[in-house]
Each structure stands twice: as structure tokens, then as C-alpha cells.
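Here's the structure, in C-alpha cells; my notes come after.
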Amino acid sequence: MSEQETGAAAQGAEQQEAPQILIQRVYLKDMSFESPNSPASFSAEWKPEIGVELNSKARKLGDTAYEVVLNLTVTAKSGDNAAYLAEVQQAGLFHIANVPEEALGQVLGAFCPNILFPYAREAVDNLVSRGSFPTLMLAPVNFDALYAQNMAQQAAAAAENGAAAEDTTH
């Protein structure tokens with residue numbers, strides 16, 4: 001085998017081993033909109049308090065197939081009354097291969113939701129506009145920071161539970 005063929009074979013092996021993350025499909029899994037105080041909400045002064053809840057979940061569908069679902073809930077209150085509640089489940093199918101096990105959580109918990117968020121944000125804005133409320137452009141979200149914060153909380157909880165388990169064994 002020549003040097004060129006050996007180099008090409010080695011390069012092919014490296015490419016096969018390189019992590020792969022491919023978007024197969026992005027889709028809207030579920031959405032809902034409620035405006036419980038309409039039409040009274042439209043005549044009130046519009047200075048809403050906006051609450052945003054965000055979480056994601058992932059599940060393995062096959063050897064390299066994963067579904068990631070980003071749940072986004074936006075609540076707008078005007079005074080004591082709820083003006084609207086918009087909920088969106090934005091999902092994606094991802095092909096993920098050759099990603100080390102220790103990095104898979106980061107990919108599923110931060111990288112994939114980062115891809116899905118612009119779609120979810122647009123869906124929420126569309127729902128709110130169709131409800132005849134002013135447009136709502138949600139600020140970008142740092143999913144890497146949220147993932148790191150979540151992992152730190154889990155580690156702290158595990159350490160606390162470990163310390164509590166040691167106390168009960170004496």
C-alpha cells in the first residue's frame with residue numbers, strides 16, 4: 001500500500017470517528033393558547049408581567065436517533081388577571097453519532113435546545129399575535145449556562161444526599 005493510500009485510509013477512519021450531529025427534522029409537537037379574560041384584557045392598560053418557563057427533555061429512539069423536545073411556557077398577567085398563557089413544545093429529530101458518553105448530555109441538554117429555540121420563539125410570537133396581543137420577542141437563551149447550572153445543582157443535591165446517607169449509617 002502506498003503512503004497516499006495509507007494516509008487516505010487513516011483520514012477515512014478519522015472521519016468515521018469524528019462526532020456527527022445532524023438535524024433530521026424540526027417540528028412542532030404541541031401548542032396551546034389561552035386568553036381567559038378576553039375581551040376584558042384588551043381594554044385594560046397593557047403593562048403585563050411576563051413569566052417564562054423553559055425546559056427540555058430528550059429520548060433515544062435508535063442507535064443514533066434522538067428526539068429532543070423544548071417546552072416553552074409564557075404567561076402574561078395584567079394586574080391580578082391572566083391575559084394569556086402560551087405553551088409550545090418544539091421538537092427535533094437528531095442523528096448523533098461518535099459523541100463521547102460524557103459529552104452526550106451537553107449535546108442533548110444544550111446544543112439541541114439551542115437549535116430548537118428560535119423555532120419555539122417564533123411559534124410563541126405567532127400565537128400571541130393571533131391572540132390579538134402585542135408581539136412578544138423573547139430574549140435569546142444561553143442553554144450552555146443553563147445546562148451547567150443544572151449539572152451543578154444535581155451535583156450539589158447528590159453531595160447533600162451522600163452526606164445525609166453517611167449521617168444515617170452511624
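Simple scheme: letters A, B, ... for chains in C-alpha cells order, numbers from 1 for residues in each chain, numbers from 1 for ligands in the order shown.
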
In chain A, DSSP strand (DSSP E or B) residues written as a count of residues only: 58

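Looking only at region 14-90 of chain A, the set that DSSP places in helix (DSSP H, G or I) from backbone geometry is Glu14, Gln15, Gln16, Glu17, Ala40, Ser41, Phe42 and Ser43 of chain A.
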
From A:Gln149, A:Ser43, A:Asn81, A:Gln154, residue lying nearest Phe133 (chain A) [only C-alpha atoms]: A:Ser43

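Remark: for Val68 (chain A), the closest of the candidate residues A:Leu54, A:Leu116, A:Val88, A:Ala158 is A:Leu116 (distances computed over only C-alpha atoms).
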
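Counting from CA of Val69 (chain A), the distance to CA of Gly92 (chain A) is 6.6 Å.
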
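Using only C-alpha atoms, the contacts of region 44-51 of chain A at a cut-off of 6 Å, with sequence neighbours closer than 6 positions omitted, comprise A:Val74, A:Thr75, A:Ala76, A:Lys77, A:Ser78.
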
Close residues, Ala123 (chain A) itself excluded, 10 Å, only C-alpha atoms, min 3 positions apart in chain, as a PyMOL selection string: chain A and resi 28+31+72+86-90+117-120+126-129

Store the residues of this selection in a file with N, CA and C atoms, as a PDB file, in the first residue's frame.
ATOM      1  N   LEU A  28     -43.180  21.038  15.197  1.00  0.00           N
ATOM      2  CA  LEU A  28     -43.996  21.491  16.315  1.00  0.00           C
ATOM      3  C   LEU A  28     -44.758  20.288  16.837  1.00  0.00           C
ATOM      4  N   MET A  31     -48.937  22.746  20.830  1.00  0.00           N
ATOM      5  CA  MET A  31     -49.031  24.164  21.162  1.00  0.00           C
ATOM      6  C   MET A  31     -50.431  24.455  21.689  1.00  0.00           C
ATOM      7  N   LEU A  72     -41.720  25.424  26.155  1.00  0.00           N
ATOM      8  CA  LEU A  72     -41.675  26.855  26.420  1.00  0.00           C
ATOM      9  C   LEU A  72     -43.077  27.308  26.812  1.00  0.00           C
ATOM     10  N   ALA A  86     -49.377  30.946  26.759  1.00  0.00           N
ATOM     11  CA  ALA A  86     -48.963  30.316  25.507  1.00  0.00           C
ATOM     12  C   ALA A  86     -47.975  29.207  25.827  1.00  0.00           C
ATOM     13  N   GLU A  87     -48.243  28.033  25.291  1.00  0.00           N
ATOM     14  CA  GLU A  87     -47.362  26.887  25.518  1.00  0.00           C
ATOM     15  C   GLU A  87     -46.986  26.267  24.171  1.00  0.00           C
ATOM     16  N   VAL A  88     -45.701  25.994  24.016  1.00  0.00           N
ATOM     17  CA  VAL A  88     -45.194  25.402  22.781  1.00  0.00           C
ATOM     18  C   VAL A  88     -44.238  24.271  23.135  1.00  0.00           C
ATOM     19  N   GLN A  89     -44.402  23.158  22.454  1.00  0.00           N
ATOM     20  CA  GLN A  89     -43.421  22.069  22.510  1.00  0.00           C
ATOM     21  C   GLN A  89     -42.799  21.967  21.123  1.00  0.00           C
ATOM     22  N   GLN A  90     -41.589  22.481  21.013  1.00  0.00           N
ATOM     23  CA  GLN A  90     -40.853  22.445  19.747  1.00  0.00           C
ATOM     24  C   GLN A  90     -39.907  21.257  19.821  1.00  0.00           C
ATOM     25  N   PHE A 117     -34.682  26.564  19.884  1.00  0.00           N
ATOM     26  CA  PHE A 117     -35.249  27.767  20.498  1.00  0.00           C
ATOM     27  C   PHE A 117     -35.763  28.808  19.504  1.00  0.00           C
ATOM     28  N   PRO A 118     -35.045  29.139  18.448  1.00  0.00           N
ATOM     29  CA  PRO A 118     -35.596  30.149  17.517  1.00  0.00           C
ATOM     30  C   PRO A 118     -36.951  29.747  16.930  1.00  0.00           C
ATOM     31  N   TYR A 119     -37.146  28.460  16.673  1.00  0.00           N
ATOM     32  CA  TYR A 119     -38.429  27.983  16.163  1.00  0.00           C
ATOM     33  C   TYR A 119     -39.514  28.140  17.223  1.00  0.00           C
ATOM     34  N   ALA A 120     -39.195  27.786  18.465  1.00  0.00           N
ATOM     35  CA  ALA A 120     -40.162  27.911  19.557  1.00  0.00           C
ATOM     36  C   ALA A 120     -40.504  29.375  19.806  1.00  0.00           C
ATOM     37  N   ASN A 126     -46.062  34.075  17.226  1.00  0.00           N
ATOM     38  CA  ASN A 126     -47.196  33.897  16.326  1.00  0.00           C
ATOM     39  C   ASN A 126     -48.489  33.676  17.113  1.00  0.00           C
ATOM     40  N   LEU A 127     -48.439  32.822  18.128  1.00  0.00           N
ATOM     41  CA  LEU A 127     -49.623  32.565  18.961  1.00  0.00           C
ATOM     42  C   LEU A 127     -50.117  33.844  19.641  1.00  0.00           C
ATOM     43  N   VAL A 128     -49.185  34.582  20.219  1.00  0.00           N
ATOM     44  CA  VAL A 128     -49.539  35.812  20.933  1.00  0.00           C
ATOM     45  C   VAL A 128     -50.158  36.825  19.975  1.00  0.00           C
ATOM     46  N   SER A 129     -49.573  36.965  18.797  1.00  0.00           N
ATOM     47  CA  SER A 129     -50.114  37.896  17.793  1.00  0.00           C
ATOM     48  C   SER A 129     -51.499  37.475  17.332  1.00  0.00           C
TER      49      SER A 129
END

Mind pulling up the distance from CA of Leu108 (chain A) to CA of Tyr66 (chain A)? 8.4 Å

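Put simply, CA of Glu53 (chain A) is 5.1 Å away from CA of Thr73 (chain A).
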
Given the choices A:Phe33, A:Phe42, A:Tyr84, A:Phe111, which gets closest to Asp144 (chain A) if the distance is worked out from only C-alpha atoms? A:Phe111
